[in-house]
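The structure file start.pdb is reproduced below (PDB, C-alpha atoms and all ligand atoms).
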ATOM      1  CA  MET A   1      39.019-161.750  12.280
ATOM      2  CA  LEU A   2      35.631-162.293  10.664
ATOM      3  CA  VAL A   3      33.238-165.219  10.342
ATOM      4  CA  ASP A   4      30.785-165.403   7.447
ATOM      5  CA  SER A   5      27.988-167.179   9.298
ATOM      6  CA  HIS A   6      25.913-167.867   6.175
ATOM      7  CA  CYS A   7      26.981-168.234   2.558
ATOM      8  CA  HIS A   8      26.276-170.556  -0.359
ATOM      9  CA  LEU A   9      29.757-171.184  -1.741
ATOM     10  CA  GLN A  10      28.631-174.522  -3.145
ATOM     11  CA  ASP A  11      26.427-172.578  -5.584
ATOM     12  CA  ARG A  12      27.136-173.131  -9.293
ATOM     13  CA  GLN A  13      27.886-169.403  -9.581
ATOM     14  CA  PHE A  14      31.213-170.148  -7.858
ATOM     15  CA  ASP A  15      32.177-173.167  -9.970
ATOM     16  CA  ASP A  16      34.706-171.250 -12.061
ATOM     17  CA  ASP A  17      36.579-169.429  -9.300
ATOM     18  CA  ARG A  18      35.674-170.939  -5.923
ATOM     19  CA  ASP A  19      39.268-171.164  -4.686
ATOM     20  CA  ALA A  20      39.996-167.574  -5.715
ATOM     21  CA  VAL A  21      36.834-166.463  -3.880
ATOM     22  CA  LEU A  22      38.013-168.251  -0.732
ATOM     23  CA  GLN A  23      41.487-166.710  -1.069
ATOM     24  CA  ARG A  24      40.123-163.170  -1.477
ATOM     25  CA  ALA A  25      37.983-163.628   1.633
ATOM     26  CA  ARG A  26      40.899-164.956   3.689
ATOM     27  CA  ALA A  27      42.997-162.003   2.553
ATOM     28  CA  ALA A  28      40.163-159.710   3.728
ATOM     29  CA  GLY A  29      40.248-161.346   7.172
ATOM     30  CA  VAL A  30      37.513-163.990   6.968
ATOM     31  CA  SER A  31      38.711-166.912   9.070
ATOM     32  CA  ALA A  32      35.685-169.226   8.798
ATOM     33  CA  PHE A  33      32.853-169.835   6.356
ATOM     34  CA  VAL A  34      29.564-171.534   7.180
ATOM     35  CA  VAL A  35      28.242-172.956   3.905
ATOM     36  CA  VAL A  36      24.497-173.477   4.128
ATOM     37  CA  GLY A  37      22.458-176.183   2.406
ATOM     38  CA  THR A  38      19.028-175.497   0.939
ATOM     39  CA  ASP A  39      18.137-178.952  -0.382
ATOM     40  CA  LEU A  40      19.685-182.412  -0.321
ATOM     41  CA  GLU A  41      22.072-181.792  -3.200
ATOM     42  CA  SER A  42      23.333-178.411  -1.958
ATOM     43  CA  SER A  43      23.713-179.888   1.548
ATOM     44  CA  TRP A  44      25.818-182.693   0.127
ATOM     45  CA  ARG A  45      27.919-180.164  -1.804
ATOM     46  CA  ALA A  46      28.348-178.042   1.344
ATOM     47  CA  VAL A  47      29.657-181.051   3.296
ATOM     48  CA  ASP A  48      31.955-181.955   0.428
ATOM     49  CA  LEU A  49      33.413-178.441   0.399
ATOM     50  CA  ALA A  50      33.824-178.425   4.188
ATOM     51  CA  ASP A  51      35.577-181.791   4.104
ATOM     52  CA  SER A  52      38.264-180.372   1.824
ATOM     53  CA  HIS A  53      38.900-176.968   3.510
ATOM     54  CA  SER A  54      39.755-176.640   7.189
ATOM     55  CA  ASP A  55      38.109-173.191   7.508
ATOM     56  CA  VAL A  56      34.837-174.214   5.804
ATOM     57  CA  TYR A  57      31.904-175.646   7.788
ATOM     58  CA  ALA A  58      28.571-176.941   6.518
ATOM     59  CA  THR A  59      24.911-177.034   7.435
ATOM     60  CA  VAL A  60      22.371-179.501   6.063
ATOM     61  CA  GLY A  61      18.685-178.832   5.513
ATOM     62  CA  VAL A  62      15.800-178.187   3.166
ATOM     63  CA  HIS A  63      14.689-174.579   2.558
ATOM     64  CA  PRO A  64      10.973-173.719   2.855
ATOM     65  CA  HIS A  65      10.877-173.239  -0.918
ATOM     66  CA  ASP A  66      11.581-176.975  -1.324
ATOM     67  CA  ALA A  67       9.568-178.124   1.686
ATOM     68  CA  LYS A  68       7.145-180.069  -0.504
ATOM     69  CA  ASP A  69       9.978-182.451  -1.445
ATOM     70  CA  LEU A  70      10.931-183.334   2.128
ATOM     71  CA  ASP A  71      10.038-186.951   2.863
ATOM     72  CA  GLU A  72      11.285-189.609   5.278
ATOM     73  CA  ARG A  73      14.124-190.584   2.951
ATOM     74  CA  THR A  74      15.361-187.003   2.701
ATOM     75  CA  VAL A  75      15.381-186.634   6.484
ATOM     76  CA  GLY A  76      17.359-189.892   6.726
ATOM     77  CA  ALA A  77      19.837-188.669   4.126
ATOM     78  CA  LEU A  78      20.301-185.338   5.953
ATOM     79  CA  GLU A  79      20.896-187.241   9.174
ATOM     80  CA  ARG A  80      23.597-189.381   7.553
ATOM     81  CA  LEU A  81      25.264-186.265   6.099
ATOM     82  CA  ALA A  82      25.318-184.772   9.584
ATOM     83  CA  ASP A  83      27.681-187.575  10.629
ATOM     84  CA  SER A  84      30.489-185.436   9.232
ATOM     85  CA  PRO A  85      32.236-183.558  12.059
ATOM     86  CA  LYS A  86      32.185-180.442   9.840
ATOM     87  CA  VAL A  87      28.378-180.232   9.948
ATOM     88  CA  VAL A  88      27.599-177.521  12.509
ATOM     89  CA  ALA A  89      23.840-176.922  12.134
ATOM     90  CA  VAL A  90      20.569-177.954  10.524
ATOM     91  CA  GLY A  91      19.396-175.376   7.989
ATOM     92  CA  GLU A  92      18.346-173.408   6.335
ATOM     93  CA  ILE A  93      14.834-174.286   7.425
ATOM     94  CA  GLY A  94      11.771-172.184   8.183
ATOM     95  CA  LEU A  95       8.779-170.507   6.610
ATOM     96  CA  ASP A  96       8.498-168.286   3.525
ATOM     97  CA  PHE A  97       4.954-167.056   2.956
ATOM     98  CA  TYR A  98       6.212-164.301   0.656
ATOM     99  CA  ARG A  99       6.896-166.572  -2.266
ATOM    100  CA  ASN A 100       4.968-169.675  -1.145
ATOM    101  CA  LEU A 101       6.917-171.920  -3.523
ATOM    102  CA  SER A 102       5.724-174.800  -1.343
ATOM    103  CA  PRO A 103       2.221-174.820   0.178
ATOM    104  CA  PRO A 104       2.184-173.323   3.717
ATOM    105  CA  GLU A 105       1.118-176.616   5.312
ATOM    106  CA  ALA A 106       4.031-178.453   3.676
ATOM    107  CA  GLN A 107       6.369-175.717   4.933
ATOM    108  CA  ARG A 108       5.120-176.056   8.501
ATOM    109  CA  GLU A 109       5.496-179.814   8.373
ATOM    110  CA  ALA A 110       9.038-179.685   6.937
ATOM    111  CA  PHE A 111      10.024-177.051   9.504
ATOM    112  CA  ARG A 112       8.797-179.207  12.420
ATOM    113  CA  ARG A 113      10.449-182.370  11.120
ATOM    114  CA  GLN A 114      13.811-180.660  10.700
ATOM    115  CA  LEU A 115      13.568-179.038  14.129
ATOM    116  CA  ASP A 116      13.087-182.563  15.490
ATOM    117  CA  LEU A 117      16.163-183.655  13.569
ATOM    118  CA  ALA A 118      18.221-180.802  15.053
ATOM    119  CA  ARG A 119      17.085-181.681  18.549
ATOM    120  CA  ARG A 120      17.964-185.352  18.036
ATOM    121  CA  LEU A 121      21.418-184.349  16.814
ATOM    122  CA  SER A 122      21.880-181.545  19.395
ATOM    123  CA  LEU A 123      22.690-179.130  16.562
ATOM    124  CA  PRO A 124      21.594-175.480  16.347
ATOM    125  CA  VAL A 125      19.245-174.468  13.525
ATOM    126  CA  VAL A 126      19.624-171.819  10.818
ATOM    127  CA  VAL A 127      16.188-170.270  10.334
ATOM    128  CA  HIS A 128      14.823-168.514   7.240
ATOM    129  CA  ALA A 129      11.616-166.528   7.836
ATOM    130  CA  ARG A 130       9.912-164.247   5.342
ATOM    131  CA  ASP A 131       6.434-162.775   5.755
ATOM    132  CA  ALA A 132       5.928-165.363   8.479
ATOM    133  CA  ASP A 133       7.011-163.610  11.682
ATOM    134  CA  GLU A 134       4.228-164.842  13.922
ATOM    135  CA  ASP A 135       4.159-168.447  12.717
ATOM    136  CA  THR A 136       7.924-168.693  12.924
ATOM    137  CA  TYR A 137       8.100-167.232  16.410
ATOM    138  CA  ASP A 138       5.318-169.488  17.697
ATOM    139  CA  THR A 139       6.938-172.582  16.191
ATOM    140  CA  LEU A 140      10.319-171.730  17.720
ATOM    141  CA  ALA A 141       8.814-170.860  21.106
ATOM    142  CA  ALA A 142       7.170-174.304  21.178
ATOM    143  CA  TYR A 143      10.465-175.837  20.063
ATOM    144  CA  GLU A 144      12.369-174.101  22.851
ATOM    145  CA  GLU A 145      10.012-175.570  25.426
ATOM    146  CA  GLN A 146      10.469-179.051  23.974
ATOM    147  CA  ALA A 147      14.217-178.872  23.478
ATOM    148  CA  LEU A 148      15.337-177.082  26.607
ATOM    149  CA  PRO A 149      15.342-179.942  29.148
ATOM    150  CA  ASP A 150      18.072-181.823  27.210
ATOM    151  CA  TRP A 151      19.774-178.895  25.533
ATOM    152  CA  PRO A 152      23.446-178.242  26.432
ATOM    153  CA  LYS A 153      23.500-175.408  28.930
ATOM    154  CA  ASP A 154      24.435-171.969  27.510
ATOM    155  CA  ARG A 155      24.269-173.215  23.931
ATOM    156  CA  PRO A 156      22.108-171.066  21.629
ATOM    157  CA  LEU A 157      19.270-172.923  19.903
ATOM    158  CA  GLY A 158      20.000-171.371  16.546
ATOM    159  CA  VAL A 159      20.213-168.246  14.455
ATOM    160  CA  MET A 160      17.662-166.141  12.605
ATOM    161  CA  HIS A 161      19.417-165.697   9.290
ATOM    162  CA  CYS A 162      18.969-162.413   7.367
ATOM    163  CA  PHE A 163      16.829-161.223  10.216
ATOM    164  CA  ALA A 164      14.329-158.653   8.893
ATOM    165  CA  GLY A 165      11.908-158.258  11.798
ATOM    166  CA  ASP A 166      11.821-155.268  14.133
ATOM    167  CA  LEU A 167      13.903-154.665  17.242
ATOM    168  CA  MET A 168      11.161-155.905  19.610
ATOM    169  CA  LEU A 169      10.960-159.222  17.794
ATOM    170  CA  ALA A 170      14.767-159.446  17.780
ATOM    171  CA  LEU A 171      14.848-159.107  21.555
ATOM    172  CA  ARG A 172      12.135-161.754  21.928
ATOM    173  CA  TYR A 173      14.246-164.162  19.876
ATOM    174  CA  ILE A 174      17.277-163.444  22.039
ATOM    175  CA  GLN A 175      15.202-164.270  25.117
ATOM    176  CA  LEU A 176      14.276-167.547  23.461
ATOM    177  CA  GLY A 177      17.957-168.379  22.879
ATOM    178  CA  PHE A 178      18.326-167.417  19.232
ATOM    179  CA  MET A 179      21.067-165.291  17.670
ATOM    180  CA  LEU A 180      20.342-162.748  14.954
ATOM    181  CA  SER A 181      22.425-162.618  11.812
ATOM    182  CA  VAL A 182      22.787-159.313   9.943
ATOM    183  CA  PRO A 183      23.236-159.491   6.152
ATOM    184  CA  GLY A 184      24.733-157.097   3.611
ATOM    185  CA  SER A 185      21.293-155.705   2.870
ATOM    186  CA  CYS A 186      21.640-153.615   6.052
ATOM    187  CA  THR A 187      23.611-151.233   3.792
ATOM    188  CA  TYR A 188      20.644-150.623   1.452
ATOM    189  CA  PRO A 189      19.027-147.161   1.576
ATOM    190  CA  LYS A 190      15.618-148.498   2.660
ATOM    191  CA  ALA A 191      16.857-150.953   5.300
ATOM    192  CA  GLU A 192      15.944-148.832   8.346
ATOM    193  CA  ARG A 193      14.442-151.766  10.227
ATOM    194  CA  ILE A 194      17.519-153.970   9.792
ATOM    195  CA  ARG A 195      19.731-151.054  10.863
ATOM    196  CA  ALA A 196      17.635-150.575  14.010
ATOM    197  CA  VAL A 197      18.314-154.217  14.904
ATOM    198  CA  ALA A 198      22.005-154.063  13.949
ATOM    199  CA  GLY A 199      22.409-150.979  16.118
ATOM    200  CA  GLY A 200      20.202-152.131  18.964
ATOM    201  CA  ILE A 201      21.050-155.704  19.950
ATOM    202  CA  PRO A 202      24.029-156.825  22.050
ATOM    203  CA  LEU A 203      27.019-157.886  19.926
ATOM    204  CA  ARG A 204      27.216-161.189  21.710
ATOM    205  CA  TRP A 205      23.909-162.162  20.096
ATOM    206  CA  MET A 206      24.852-160.832  16.658
ATOM    207  CA  ALA A 207      26.423-162.735  13.803
ATOM    208  CA  VAL A 208      27.161-161.324  10.352
ATOM    209  CA  GLU A 209      26.692-162.996   7.002
ATOM    210  CA  THR A 210      26.930-162.405   3.286
ATOM    211  CA  ASP A 211      24.321-164.916   2.045
ATOM    212  CA  ALA A 212      26.628-164.949  -1.022
ATOM    213  CA  PRO A 213      25.966-165.085  -3.954
ATOM    214  CA  TYR A 214      22.875-163.058  -2.906
ATOM    215  CA  LEU A 215      22.355-159.706  -1.098
ATOM    216  CA  THR A 216      25.502-157.894  -2.260
ATOM    217  CA  PRO A 217      26.258-154.872  -0.023
ATOM    218  CA  GLN A 218      25.436-151.429  -1.418
ATOM    219  CA  PRO A 219      28.942-150.373  -2.547
ATOM    220  CA  ARG A 220      29.115-153.436  -4.823
ATOM    221  CA  ARG A 221      25.442-153.904  -5.571
ATOM    222  CA  GLY A 222      24.815-155.415  -8.988
ATOM    223  CA  GLN A 223      27.778-157.804  -8.700
ATOM    224  CA  ARG A 224      27.735-161.391  -7.460
ATOM    225  CA  ASN A 225      28.205-161.309  -3.694
ATOM    226  CA  GLU A 226      31.160-163.106  -2.103
ATOM    227  CA  PRO A 227      32.470-163.530   1.465
ATOM    228  CA  ALA A 228      35.251-160.911   1.056
ATOM    229  CA  TYR A 229      32.490-158.271   0.910
ATOM    230  CA  LEU A 230      31.569-159.076   4.508
ATOM    231  CA  VAL A 231      33.984-156.252   5.321
ATOM    232  CA  GLU A 232      31.517-153.707   3.847
ATOM    233  CA  THR A 233      28.722-154.963   6.076
ATOM    234  CA  VAL A 234      30.841-154.905   9.220
ATOM    235  CA  LYS A 235      32.113-151.382   8.396
ATOM    236  CA  HIS A 236      28.526-150.241   8.097
ATOM    237  CA  ILE A 237      27.463-151.848  11.384
ATOM    238  CA  ALA A 238      30.499-150.428  13.201
ATOM    239  CA  GLU A 239      29.699-146.947  11.926
ATOM    240  CA  LEU A 240      26.073-147.021  12.956
ATOM    241  CA  ARG A 241      26.899-148.409  16.413
ATOM    242  CA  GLY A 242      29.822-146.055  16.920
ATOM    243  CA  ASP A 243      32.075-149.071  17.560
ATOM    244  CA  ALA A 244      35.492-149.855  16.098
ATOM    245  CA  PHE A 245      35.541-152.133  13.049
ATOM    246  CA  GLU A 246      37.805-154.587  14.884
ATOM    247  CA  GLU A 247      35.410-154.782  17.794
ATOM    248  CA  VAL A 248      32.408-155.670  15.624
ATOM    249  CA  ALA A 249      34.483-158.064  13.498
ATOM    250  CA  SER A 250      35.979-160.027  16.358
ATOM    251  CA  ARG A 251      32.925-160.080  18.605
ATOM    252  CA  THR A 252      30.570-161.263  15.864
ATOM    253  CA  ALA A 253      33.192-163.907  15.034
ATOM    254  CA  VAL A 254      33.214-165.101  18.636
ATOM    255  CA  THR A 255      29.399-165.123  18.590
ATOM    256  CA  ALA A 256      29.347-167.319  15.483
ATOM    257  CA  ALA A 257      32.001-169.579  16.975
ATOM    258  CA  TRP A 258      29.924-169.965  20.122
ATOM    259  CA  LEU A 259      26.765-170.685  18.117
ATOM    260  CA  PHE A 260      28.275-173.243  15.760
ATOM    261  CA  GLY A 261      30.880-174.662  18.134
ATOM    262  CA  LEU A 262      33.810-173.601  15.946
ATOM    263  CA  GLY A 263      36.420-174.391  18.563
ATOM    264  CA  ASP A 264      39.423-172.965  16.781
ATOM    265  CA  ILE A 265      38.132-169.433  16.137
ATOM    266  CA  GLY A 266      39.644-166.614  18.105
ATOM    267  CA  GLU A 267      42.174-166.854  20.862
ATOM    268  CA  PRO A 268      42.270-170.430  22.108
ATOM    269  CA  SER A 269      42.422-168.926  25.578
ATOM    270  CA  VAL A 270      39.155-166.995  25.156
ATOM    271  CA  ASP A 271      36.939-167.905  28.042
ATOM    272  CA  ALA A 272      33.537-168.037  26.387
ATOM    273  CA  GLY A 273      31.835-167.607  29.738
ATOM    274  CA  ALA A 274      33.695-164.412  30.528
ATOM    275  CA  THR A 275      33.572-162.978  27.018
ATOM    276  CA  LEU A 276      30.027-163.765  26.118
ATOM    277  CA  GLY A 277      28.286-164.426  29.343
ATOM    278  CA  SER A 278      25.409-166.816  29.177
ATOM    279  CA  PRO A 279      21.942-166.228  27.764
ATOM    280  CA  GLY A 280      20.117-164.124  30.272
ATOM    281  CA  GLY A 281      23.341-163.118  32.017
ATOM    282  CA  GLU A 282      24.877-159.701  32.351
ATOM    283  CA  ALA A 283      24.247-157.767  29.149
ATOM    284  CA  ALA A 284      27.586-156.349  28.066
ATOM    285  CA  ASN A 285      27.385-154.013  25.091
TER
HETATM  286 ZN    ZN B 301      20.837-168.373   2.491
END
Transcribe the structure of this file into structure tokens.
Amino acid sequence: MLVDSHCHLQDRQFDDDRDAVLQRARAAGVSAFVVVGTDLESSWRAVDLADSHSDVYATVGVHPHDAKDLDERTVGALERLADSPKVVAVGEIGLDFYRNLSPPEAQREAFRRQLDLARRLSLPVVVHARDADEDTYDTLAAYEEQALPDWPKDRPLGVMHCFAGDLMLALRYIQLGFMLSVPGSCTYPKAERIRAVAGGIPLRWMAVETDAPYLTPQPRRGQRNEPAYLVETVKHIAELRGDAFEEVASRTAVTAAWLFGLGDIGEPSVDAGATLGSPGGEAAN
């Protein structure tokens, strides 16, 4: 059992063989796919895909690259899209000062407005942060303070997608109520920092993702990435932790199910309280 907590299956790169891609992933053990929006159109396409496949879920949001295009109408349109019961988060949203495809001030503004949207809708957020560790952390710490009084107890606030910070920062995010998601790039030769996080945080705060069609794991690097390759990432994480593959696969699946409220993942009898504990509770594994 595996959950791909972050992929872009609505991408045009999958137009010719999307159903075959889904079938290969199911055959490899992937039981749920979270398809992430990056602008209004890709959010709409994610919801459309989720509406027609029971194991596909969607998120809606505008990526920091497109932050300059986020206006009141876009926020309203995202909110209407989120009416679909298959929408499980707002994202991906955040800050990217590496490429700065939108001016930093526009990115900050779009990030805040979409955090407000998530809070209004009581949905977790999927956060993209690149070369913006401090700004992102400060924004999310302020958000936690704002959101917490009304936030459902024991529900994570969101997930740091493709987390690339160090282990200290990872633990600070966990304290804040954010999960960390480990991508296929943890298999790359130079990814020591990601491996330190993947080996160092509790599994109940760890999700795994492909970010397909991007970030193809090392054994298949050079090809288009797809959710079936999640197996390579989980193998790698299991090896470096000294855990069984099944353990990492099923526990990261339960983590993603907890985060996104995917009720039908895992044993229906799984008692989330006993399996996962609550944030700040006893730290198993
Ligand atoms: Zn992504």
Check: Within 8 Å of Arg193 (chain A), counting only C-alpha atoms, which residues qualify if same-chain residues fewer than 4 places away don't, as a PyMOL selection string?
Finding: chain A and resi 164-167+197
Next item on the list: List the residues sitting within 8 Å of (36.5, -162.6, 2.1) in the file's frame, using all atoms listed in the file, as a PyMOL selection string.
Entry: chain A and resi 21-30+226-231
Within 7 Å of ligand ZN 301 (chain B), which residues of chain A come that close, and what is the closest atom pair and distance in Å for each? Count all atoms listed in the file and give it as JSON lines.
{"residue": "A:His6", "atom": "CA", "partner": "B:ZN301", "partner_atom": "ZN", "distance": 6.3}
{"residue": "A:Cys7", "atom": "CA", "partner": "B:ZN301", "partner_atom": "ZN", "distance": 6.1}
{"residue": "A:His8", "atom": "CA", "partner": "B:ZN301", "partner_atom": "ZN", "distance": 6.5}
{"residue": "A:Val36", "atom": "CA", "partner": "B:ZN301", "partner_atom": "ZN", "distance": 6.5}
{"residue": "A:Glu92", "atom": "CA", "partner": "B:ZN301", "partner_atom": "ZN", "distance": 6.8}
{"residue": "A:Asp211", "atom": "CA", "partner": "B:ZN301", "partner_atom": "ZN", "distance": 4.9}
Notebook entry, point to check: Quick one: distance from CA of Met179 (chain A) to CA of Val125 (chain A) in Å, one decimal?
Noted result: 10.2 Å
Item checked: Proximity to Trp151 (chain A) - best of A:Ser122, A:Leu171, A:Val62, A:Gly177, only C-alpha atoms -> A:Ser122
Margin query: Using the chain letters and numbers from this file, what does the PyMOL selection byres (((chain A and resi 138) around 12) and not hetatm) select? Give the answer as a list of chain:residue names.
Written below: A:Gly94, A:Leu95, A:Arg108, A:Arg112, A:Ala132, A:Asp133, A:Glu134, A:Asp135, A:Thr136, A:Tyr137, A:Thr139, A:Leu140, A:Ala141, A:Ala142, A:Tyr143, A:Glu144, A:Glu145, A:Leu169, A:Arg172, A:Tyr173, A:Leu176
Output requested as a PDB file, keeping the file's coordinate frame - region 26-47 of chain A, filled out with N, CA, C and O atoms.
ATOM      1  N   ARG A  26      39.861-164.787   2.650  1.00  0.00           N
ATOM      2  CA  ARG A  26      40.899-164.956   3.689  1.00  0.00           C
ATOM      3  C   ARG A  26      41.790-163.724   3.755  1.00  0.00           C
ATOM      4  O   ARG A  26      42.126-163.238   4.851  1.00  0.00           O
ATOM      5  N   ALA A  27      42.142-163.203   2.583  1.00  0.00           N
ATOM      6  CA  ALA A  27      42.997-162.003   2.553  1.00  0.00           C
ATOM      7  C   ALA A  27      42.279-160.818   3.197  1.00  0.00           C
ATOM      8  O   ALA A  27      42.916-159.917   3.759  1.00  0.00           O
ATOM      9  N   ALA A  28      40.941-160.802   3.122  1.00  0.00           N
ATOM     10  CA  ALA A  28      40.163-159.710   3.728  1.00  0.00           C
ATOM     11  C   ALA A  28      39.914-159.949   5.219  1.00  0.00           C
ATOM     12  O   ALA A  28      39.294-159.125   5.878  1.00  0.00           O
ATOM     13  N   GLY A  29      40.367-161.096   5.734  1.00  0.00           N
ATOM     14  CA  GLY A  29      40.248-161.346   7.172  1.00  0.00           C
ATOM     15  C   GLY A  29      39.189-162.365   7.573  1.00  0.00           C
ATOM     16  O   GLY A  29      38.947-162.563   8.771  1.00  0.00           O
ATOM     17  N   VAL A  30      38.541-163.001   6.616  1.00  0.00           N
ATOM     18  CA  VAL A  30      37.513-163.990   6.968  1.00  0.00           C
ATOM     19  C   VAL A  30      38.212-165.297   7.353  1.00  0.00           C
ATOM     20  O   VAL A  30      38.955-165.874   6.560  1.00  0.00           O
ATOM     21  N   SER A  31      37.982-165.737   8.594  1.00  0.00           N
ATOM     22  CA  SER A  31      38.711-166.912   9.070  1.00  0.00           C
ATOM     23  C   SER A  31      37.841-168.169   9.104  1.00  0.00           C
ATOM     24  O   SER A  31      38.355-169.258   9.320  1.00  0.00           O
ATOM     25  N   ALA A  32      36.534-168.032   8.893  1.00  0.00           N
ATOM     26  CA  ALA A  32      35.685-169.226   8.798  1.00  0.00           C
ATOM     27  C   ALA A  32      34.454-168.916   7.962  1.00  0.00           C
ATOM     28  O   ALA A  32      33.959-167.782   7.953  1.00  0.00           O
ATOM     29  N   PHE A  33      33.992-169.952   7.268  1.00  0.00           N
ATOM     30  CA  PHE A  33      32.853-169.835   6.356  1.00  0.00           C
ATOM     31  C   PHE A  33      31.844-170.919   6.728  1.00  0.00           C
ATOM     32  O   PHE A  33      32.217-172.096   6.790  1.00  0.00           O
ATOM     33  N   VAL A  34      30.602-170.533   6.965  1.00  0.00           N
ATOM     34  CA  VAL A  34      29.564-171.534   7.180  1.00  0.00           C
ATOM     35  C   VAL A  34      28.746-171.621   5.888  1.00  0.00           C
ATOM     36  O   VAL A  34      28.056-170.664   5.511  1.00  0.00           O
ATOM     37  N   VAL A  35      28.887-172.756   5.210  1.00  0.00           N
ATOM     38  CA  VAL A  35      28.242-172.956   3.905  1.00  0.00           C
ATOM     39  C   VAL A  35      26.927-173.696   4.141  1.00  0.00           C
ATOM     40  O   VAL A  35      26.907-174.797   4.690  1.00  0.00           O
ATOM     41  N   VAL A  36      25.837-173.063   3.725  1.00  0.00           N
ATOM     42  CA  VAL A  36      24.497-173.477   4.128  1.00  0.00           C
ATOM     43  C   VAL A  36      23.795-174.240   3.005  1.00  0.00           C
ATOM     44  O   VAL A  36      23.749-173.787   1.859  1.00  0.00           O
ATOM     45  N   GLY A  37      23.231-175.388   3.353  1.00  0.00           N
ATOM     46  CA  GLY A  37      22.458-176.183   2.406  1.00  0.00           C
ATOM     47  C   GLY A  37      21.025-175.697   2.300  1.00  0.00           C
ATOM     48  O   GLY A  37      20.473-175.135   3.258  1.00  0.00           O
ATOM     49  N   THR A  38      20.427-175.884   1.130  1.00  0.00           N
ATOM     50  CA  THR A  38      19.028-175.497   0.939  1.00  0.00           C
ATOM     51  C   THR A  38      18.184-176.666   0.444  1.00  0.00           C
ATOM     52  O   THR A  38      16.957-176.594   0.426  1.00  0.00           O
ATOM     53  N   ASP A  39      18.826-177.717  -0.013  1.00  0.00           N
ATOM     54  CA  ASP A  39      18.137-178.952  -0.382  1.00  0.00           C
ATOM     55  C   ASP A  39      19.156-180.075  -0.219  1.00  0.00           C
ATOM     56  O   ASP A  39      20.284-179.823   0.231  1.00  0.00           O
ATOM     57  N   LEU A  40      18.777-181.300  -0.580  1.00  0.00           N
ATOM     58  CA  LEU A  40      19.685-182.412  -0.321  1.00  0.00           C
ATOM     59  C   LEU A  40      20.984-182.265  -1.107  1.00  0.00           C
ATOM     60  O   LEU A  40      22.077-182.453  -0.579  1.00  0.00           O
ATOM     61  N   GLU A  41      20.865-181.878  -2.379  1.00  0.00           N
ATOM     62  CA  GLU A  41      22.072-181.792  -3.200  1.00  0.00           C
ATOM     63  C   GLU A  41      23.008-180.689  -2.701  1.00  0.00           C
ATOM     64  O   GLU A  41      24.229-180.896  -2.568  1.00  0.00           O
ATOM     65  N   SER A  42      22.456-179.509  -2.402  1.00  0.00           N
ATOM     66  CA  SER A  42      23.333-178.411  -1.958  1.00  0.00           C
ATOM     67  C   SER A  42      23.902-178.708  -0.567  1.00  0.00           C
ATOM     68  O   SER A  42      24.995-178.235  -0.226  1.00  0.00           O
ATOM     69  N   SER A  43      23.174-179.484   0.239  1.00  0.00           N
ATOM     70  CA  SER A  43      23.713-179.888   1.548  1.00  0.00           C
ATOM     71  C   SER A  43      24.899-180.821   1.345  1.00  0.00           C
ATOM     72  O   SER A  43      25.941-180.687   1.997  1.00  0.00           O
ATOM     73  N   TRP A  44      24.731-181.763   0.433  1.00  0.00           N
ATOM     74  CA  TRP A  44      25.818-182.693   0.127  1.00  0.00           C
ATOM     75  C   TRP A  44      27.038-181.931  -0.387  1.00  0.00           C
ATOM     76  O   TRP A  44      28.174-182.188   0.029  1.00  0.00           O
ATOM     77  N   ARG A  45      26.800-180.949  -1.253  1.00  0.00           N
ATOM     78  CA  ARG A  45      27.919-180.164  -1.804  1.00  0.00           C
ATOM     79  C   ARG A  45      28.582-179.308  -0.715  1.00  0.00           C
ATOM     80  O   ARG A  45      29.798-179.096  -0.733  1.00  0.00           O
ATOM     81  N   ALA A  46      27.784-178.826   0.234  1.00  0.00           N
ATOM     82  CA  ALA A  46      28.348-178.042   1.344  1.00  0.00           C
ATOM     83  C   ALA A  46      29.280-178.912   2.189  1.00  0.00           C
ATOM     84  O   ALA A  46      30.387-178.501   2.560  1.00  0.00           O
ATOM     85  N   VAL A  47      28.838-180.142   2.482  1.00  0.00           N
ATOM     86  CA  VAL A  47      29.657-181.051   3.296  1.00  0.00           C
ATOM     87  C   VAL A  47      30.934-181.406   2.547  1.00  0.00           C
ATOM     88  O   VAL A  47      32.033-181.440   3.122  1.00  0.00           O
TER      89      VAL A  47
END
